[in-house]
>>> print(open('upload-v4.pdb').read())   # PDB, C-alpha atoms and all ligand atoms
ATOM      1  CA  MET F  19       1.842  17.409   7.328
ATOM      2  CA  SER F  20       1.183  16.837  11.008
ATOM      3  CA  ARG F  21       3.339  17.218  14.069
ATOM      4  CA  ILE F  22       3.072  14.114  16.244
ATOM      5  CA  THR F  23       4.632  12.857  19.448
ATOM      6  CA  ILE F  24       4.902   9.146  20.129
ATOM      7  CA  THR F  25       6.738   7.684  23.103
ATOM      8  CA  VAL F  26       8.984   5.012  21.632
ATOM      9  CA  ASN F  27      10.827   2.651  23.948
ATOM     10  CA  GLY F  28      10.287   5.107  26.781
ATOM     11  CA  ALA F  29      11.467   8.261  24.999
ATOM     12  CA  PRO F  30       9.082  10.860  23.533
ATOM     13  CA  GLU F  31       9.753  11.406  19.825
ATOM     14  CA  THR F  32       8.255  14.404  18.022
ATOM     15  CA  ARG F  33       8.375  14.645  14.232
ATOM     16  CA  GLU F  34       6.601  16.278  11.306
ATOM     17  CA  VAL F  35       5.074  13.516   9.168
ATOM     18  CA  GLU F  36       2.896  13.323   6.113
ATOM     19  CA  ASP F  37      -0.596  12.247   7.093
ATOM     20  CA  ARG F  38      -0.217   9.098   4.962
ATOM     21  CA  THR F  39       2.942   7.957   6.809
ATOM     22  CA  LEU F  40       2.535   4.466   8.219
ATOM     23  CA  LEU F  41       3.652   3.781  11.761
ATOM     24  CA  VAL F  42       6.225   1.290  10.476
ATOM     25  CA  GLN F  43       7.677   4.022   8.230
ATOM     26  CA  PHE F  44       7.797   6.414  11.175
ATOM     27  CA  ILE F  45       9.673   3.842  13.251
ATOM     28  CA  ARG F  46      12.131   2.830  10.534
ATOM     29  CA  GLU F  47      12.630   5.989   8.490
ATOM     30  CA  HIS F  48      12.064   8.796  10.963
ATOM     31  CA  LEU F  49      13.569   7.138  14.040
ATOM     32  CA  GLY F  50      16.050   4.741  12.413
ATOM     33  CA  LEU F  51      14.842   1.744  14.398
ATOM     34  CA  THR F  52      15.233  -0.997  11.815
ATOM     35  CA  GLY F  53      14.381  -3.978  13.989
ATOM     36  CA  THR F  54      10.781  -3.557  12.811
ATOM     37  CA  HIS F  55      10.554  -4.935   9.278
ATOM     38  CA  VAL F  56       8.256  -4.644   6.291
ATOM     39  CA  GLY F  57       7.925  -8.157   4.948
ATOM     40  CA  CYS F  58       4.824  -7.968   2.766
ATOM     41  CA  ASP F  59       2.362  -5.667   1.045
ATOM     42  CA  THR F  60      -0.699  -7.486   2.285
ATOM     43  CA  SER F  61      -0.682  -7.050   6.088
ATOM     44  CA  GLN F  62      -0.231 -10.775   6.611
ATOM     45  CA  CYS F  63       3.382 -11.515   7.561
ATOM     46  CA  GLY F  64       3.623  -9.800  10.954
ATOM     47  CA  ALA F  65       7.268  -8.764  10.490
ATOM     48  CA  CYS F  66       6.190  -5.217  11.399
ATOM     49  CA  THR F  67       4.661  -6.184  14.757
ATOM     50  CA  ILE F  68       5.216  -3.761  17.624
ATOM     51  CA  HIS F  69       3.438  -3.047  20.898
ATOM     52  CA  LEU F  70       1.111  -0.041  20.727
ATOM     53  CA  ASP F  71      -0.118   0.937  24.192
ATOM     54  CA  GLY F  72       0.640  -2.611  25.321
ATOM     55  CA  GLU F  73      -1.154  -4.408  22.487
ATOM     56  CA  ALA F  74       0.584  -6.227  19.655
ATOM     57  CA  VAL F  75      -0.305  -4.570  16.351
ATOM     58  CA  LYS F  76       0.962  -4.711  12.787
ATOM     59  CA  SER F  77       2.538  -1.291  12.398
ATOM     60  CA  CYS F  78       2.002  -1.397   8.623
ATOM     61  CA  THR F  79      -1.731  -1.121   9.262
ATOM     62  CA  VAL F  80      -1.607   1.964  11.501
ATOM     63  CA  LEU F  81      -1.086   5.547  10.387
ATOM     64  CA  ALA F  82       1.550   7.380  12.414
ATOM     65  CA  VAL F  83      -0.899  10.238  13.034
ATOM     66  CA  ALA F  84      -3.333   7.716  14.556
ATOM     67  CA  ALA F  85      -0.641   6.751  17.073
ATOM     68  CA  ASP F  86      -0.042  10.356  18.165
ATOM     69  CA  GLY F  87       0.125  10.413  21.962
ATOM     70  CA  SER F  88       0.600   6.658  22.217
ATOM     71  CA  LYS F  89       3.358   4.492  23.622
ATOM     72  CA  VAL F  90       5.208   2.151  21.294
ATOM     73  CA  THR F  91       7.648  -0.623  22.125
ATOM     74  CA  THR F  92       9.807  -2.053  19.363
ATOM     75  CA  ILE F  93      12.199  -4.993  19.519
ATOM     76  CA  GLU F  94      14.954  -2.529  20.386
ATOM     77  CA  GLY F  95      13.038  -1.549  23.515
ATOM     78  CA  LEU F  96      12.902  -5.007  25.051
ATOM     79  CA  ALA F  97      16.426  -5.106  26.463
ATOM     80  CA  GLU F  98      16.848  -3.695  29.953
ATOM     81  CA  GLY F  99      20.076  -2.540  31.513
ATOM     82  CA  GLY F 100      22.139  -3.985  28.684
ATOM     83  CA  LYS F 101      20.644  -7.458  29.225
ATOM     84  CA  LEU F 102      18.820  -9.050  26.318
ATOM     85  CA  HIS F 103      15.129  -9.822  26.786
ATOM     86  CA  ASP F 104      14.293 -13.553  26.788
ATOM     87  CA  VAL F 105      12.919 -13.218  23.234
ATOM     88  CA  GLN F 106      16.090 -11.549  22.019
ATOM     89  CA  GLN F 107      18.220 -14.165  23.799
ATOM     90  CA  ALA F 108      16.213 -16.968  22.187
ATOM     91  CA  PHE F 109      16.750 -15.384  18.747
ATOM     92  CA  ARG F 110      20.453 -15.306  19.469
ATOM     93  CA  GLU F 111      20.627 -18.869  20.754
ATOM     94  CA  HIS F 112      18.582 -20.284  17.866
ATOM     95  CA  HIS F 113      20.229 -18.251  15.129
ATOM     96  CA  GLY F 114      17.281 -16.005  14.291
ATOM     97  CA  LEU F 115      19.812 -13.330  13.522
ATOM     98  CA  GLN F 116      19.401 -12.362   9.908
ATOM     99  CA  CYS F 117      16.541 -10.537   8.233
ATOM    100  CA  GLY F 118      13.817 -11.998  10.456
ATOM    101  CA  TYR F 119      11.134 -11.768   7.750
ATOM    102  CA  CYS F 120      10.306 -15.441   8.192
ATOM    103  CA  THR F 121      10.327 -15.375  11.986
ATOM    104  CA  PRO F 122       6.638 -14.592  12.627
TER
HETATM  105 FE1  LIG F 201       3.650  -7.729   6.646
HETATM  106 FE2  LIG F 201       3.053  -5.640   8.216
HETATM  107  S1  LIG F 201       4.703  -5.840   6.826
HETATM  108  S2  LIG F 201       2.051  -7.555   8.108
END
>>> encode(input="upload-v4.pdb", output="structure tokens")
Amino acid sequence: MSRITITVNGAPETREVEDRTLLVQFIREHLGLTGTHVGCDTSQCGACTIHLDGEAVKSCTVLAVAADGSKVTTIEGLAEGGKLHDVQQAFREHHGLQCGYCTP
């Protein structure tokens, strides 16, 4: 087990995680942010994409302990001041509202 702190959508989050915990599991299961999906077992679909220190990465390919001290932005973190981000608004306008596994 390791104690890690990752700043997620602007808020520092500290948790105890198993060293094998994937970043996507940390985001979904430890933080309850379910906008980041797991759509495959082969690191190909991109449904788990987040921004890690400003770079788009597949969070199913990163261990949570490797992201210790980093800044993560998930889809939930794109809205500002209650206003949807352009990407979120486009999803809404074009009915990309369900599971999103096929969106990437
Ligand atoms: Fe498919 Fe990460 S879940 S690439």
>>> resolve_selection(input="upload-v4.pdb", expression="the PyMOL selection byres (((not hetatm)) within 6 of (chain F and resi 201))", output="list in words")
Val56, Gly57, Cys58, Ser61, Gln62, Cys63, Gly64, Ala65, Cys66, Lys76 and Cys78 of chain F
>>> write_last_selection(input="upload-v4.pdb", atoms="C-alpha atoms", output="mmCIF file, keeping the file's coordinate frame")
data_model
loop_
_atom_site.group_PDB
_atom_site.id
_atom_site.type_symbol
_atom_site.label_atom_id
_atom_site.label_comp_id
_atom_site.auth_asym_id
_atom_site.auth_seq_id
_atom_site.Cartn_x
_atom_site.Cartn_y
_atom_site.Cartn_z
ATOM 1 C CA VAL F 56 8.256 -4.644 6.291
ATOM 2 C CA GLY F 57 7.925 -8.157 4.948
ATOM 3 C CA CYS F 58 4.824 -7.968 2.766
ATOM 4 C CA SER F 61 -0.682 -7.050 6.088
ATOM 5 C CA GLN F 62 -0.231 -10.775 6.611
ATOM 6 C CA CYS F 63 3.382 -11.515 7.561
ATOM 7 C CA GLY F 64 3.623 -9.800 10.954
ATOM 8 C CA ALA F 65 7.268 -8.764 10.490
ATOM 9 C CA CYS F 66 6.190 -5.217 11.399
ATOM 10 C CA LYS F 76 0.962 -4.711 12.787
ATOM 11 C CA CYS F 78 2.002 -1.397 8.623
#
>>> residues_around(input="upload-v4.pdb", residues="F:Asp86", least_positions_apart="2", cutoff="8 Å", atoms="all atoms listed in the file", output="list in words")
Ile22, Thr23, Ile24, Ala82, Val83, Ala84 and Ser88 of chain F
>>> write_last_selection(input="upload-v4.pdb", atoms="C-alpha atoms", output="CSV table (one decimal), in the frame of the given file")
chain,number,residue,atom,x,y,z
F,22,ILE,CA,3.1,14.1,16.2
F,23,THR,CA,4.6,12.9,19.4
F,24,ILE,CA,4.9,9.1,20.1
F,82,ALA,CA,1.6,7.4,12.4
F,83,VAL,CA,-0.9,10.2,13.0
F,84,ALA,CA,-3.3,7.7,14.6
F,88,SER,CA,0.6,6.7,22.2
>>> residues_around(input="upload-v4.pdb", residues="stretch 29-39 of chain F", least_positions_apart="4", cutoff="12 Å", atoms="all atoms listed in the file", output="NGL selection string")
:F and (19-25 or 43-50 or 77-92 or 95)
>>> atom_distance(input="upload-v4.pdb", atom1="atom CA of F:Glu111", atom2="atom CA of F:Ala97")
15.5 Å
>>> atom_distance(input="upload-v4.pdb", atom1="atom CA of F:Glu94", atom2="atom CA of F:Asn27")
7.5 Å
>>> closest_residue(input="upload-v4.pdb", among="F:His112, F:Gly72, F:Ile93, F:Thr54", to="F:Leu41", atoms="only C-alpha atoms")
F:Thr54
>>> axis_aligned_box(input="upload-v4.pdb", around="stretch 66-76 of chain F", padding_each_side="6 Å", output="AutoDock Vina command-line options")
--center_x 2.5 --center_y -2.6 --center_z 18.4 --size_x 19.3 --size_y 19.2 --size_z 25.9
>>> atom_distance(input="upload-v4.pdb", atom1="atom CA of F:Val105", atom2="atom CA of F:Asp71")
19.3 Å
>>> closest_residue(input="upload-v4.pdb", among="F:Leu96, F:Ala74, F:Ile68, F:Leu40", to="F:Gly28", atoms="all atoms listed in the file")
F:Leu96
>>> build_atoms(input="upload-v4.pdb", residues="stretch 76-87 of chain F", atoms="all heavy atoms", output="tab-separated table (two decimals), in the frame of the given file")
chain	number	residue	atom	x	y	z
F	76	LYS	N	0.14	-4.77	14.00
F	76	LYS	CA	0.96	-4.71	12.79
F	76	LYS	C	1.12	-3.24	12.44
F	76	LYS	O	0.14	-2.58	12.07
F	76	LYS	CB	0.30	-5.48	11.66
F	76	LYS	CG	0.20	-6.97	11.93
F	76	LYS	CD	-0.60	-7.68	10.84
F	76	LYS	CE	-0.74	-9.15	11.17
F	76	LYS	NZ	-1.63	-9.84	10.20
F	77	SER	N	2.33	-2.73	12.56
F	77	SER	CA	2.54	-1.29	12.40
F	77	SER	C	2.40	-0.84	10.95
F	77	SER	O	2.37	0.36	10.69
F	77	SER	CB	3.90	-0.89	12.96
F	77	SER	OG	4.95	-1.58	12.31
F	78	CYS	N	2.25	-1.78	10.01
F	78	CYS	CA	2.00	-1.40	8.62
F	78	CYS	C	0.53	-1.11	8.39
F	78	CYS	O	0.14	-0.68	7.32
F	78	CYS	CB	2.49	-2.47	7.65
F	78	CYS	SG	1.49	-3.96	7.63
F	79	THR	N	-0.29	-1.35	9.42
F	79	THR	CA	-1.73	-1.12	9.26
F	79	THR	C	-2.20	0.09	10.06
F	79	THR	O	-3.41	0.34	10.14
F	79	THR	CB	-2.54	-2.35	9.73
F	79	THR	OG1	-2.35	-2.53	11.14
F	79	THR	CG2	-2.11	-3.61	8.98
F	80	VAL	N	-1.26	0.82	10.65
F	80	VAL	CA	-1.61	1.96	11.50
F	80	VAL	C	-0.93	3.21	10.94
F	80	VAL	O	0.27	3.20	10.65
F	80	VAL	CB	-1.12	1.74	12.96
F	80	VAL	CG1	-1.46	2.93	13.84
F	80	VAL	CG2	-1.71	0.45	13.53
F	81	LEU	N	-1.68	4.28	10.78
F	81	LEU	CA	-1.09	5.55	10.39
F	81	LEU	C	-0.36	6.15	11.58
F	81	LEU	O	-0.85	6.07	12.72
F	81	LEU	CB	-2.16	6.52	9.89
F	81	LEU	CG	-2.82	6.15	8.57
F	81	LEU	CD1	-4.02	7.07	8.31
F	81	LEU	CD2	-1.84	6.20	7.42
F	82	ALA	N	0.78	6.76	11.33
F	82	ALA	CA	1.55	7.38	12.41
F	82	ALA	C	0.71	8.44	13.14
F	82	ALA	O	0.76	8.54	14.36
F	82	ALA	CB	2.84	7.98	11.87
F	83	VAL	N	-0.08	9.19	12.39
F	83	VAL	CA	-0.90	10.24	13.03
F	83	VAL	C	-1.94	9.63	13.97
F	83	VAL	O	-2.34	10.26	14.95
F	83	VAL	CB	-1.58	11.16	12.00
F	83	VAL	CG1	-0.54	11.99	11.24
F	83	VAL	CG2	-2.46	10.39	11.05
F	84	ALA	N	-2.36	8.39	13.69
F	84	ALA	CA	-3.33	7.72	14.56
F	84	ALA	C	-2.69	7.28	15.87
F	84	ALA	O	-3.38	7.03	16.85
F	84	ALA	CB	-3.94	6.51	13.85
F	85	ALA	N	-1.36	7.17	15.87
F	85	ALA	CA	-0.64	6.75	17.07
F	85	ALA	C	-0.14	7.94	17.88
F	85	ALA	O	0.55	7.76	18.90
F	85	ALA	CB	0.53	5.84	16.69
F	86	ASP	N	-0.47	9.16	17.44
F	86	ASP	CA	-0.04	10.36	18.16
F	86	ASP	C	-0.48	10.26	19.63
F	86	ASP	O	-1.65	9.96	19.91
F	86	ASP	CB	-0.66	11.60	17.50
F	86	ASP	CG	-0.14	12.89	18.10
F	86	ASP	OD1	0.96	12.90	18.68
F	86	ASP	OD2	-0.86	13.91	17.96
F	87	GLY	N	0.44	10.47	20.54
F	87	GLY	CA	0.12	10.41	21.96
F	87	GLY	C	0.21	9.03	22.57
F	87	GLY	O	-0.01	8.86	23.77
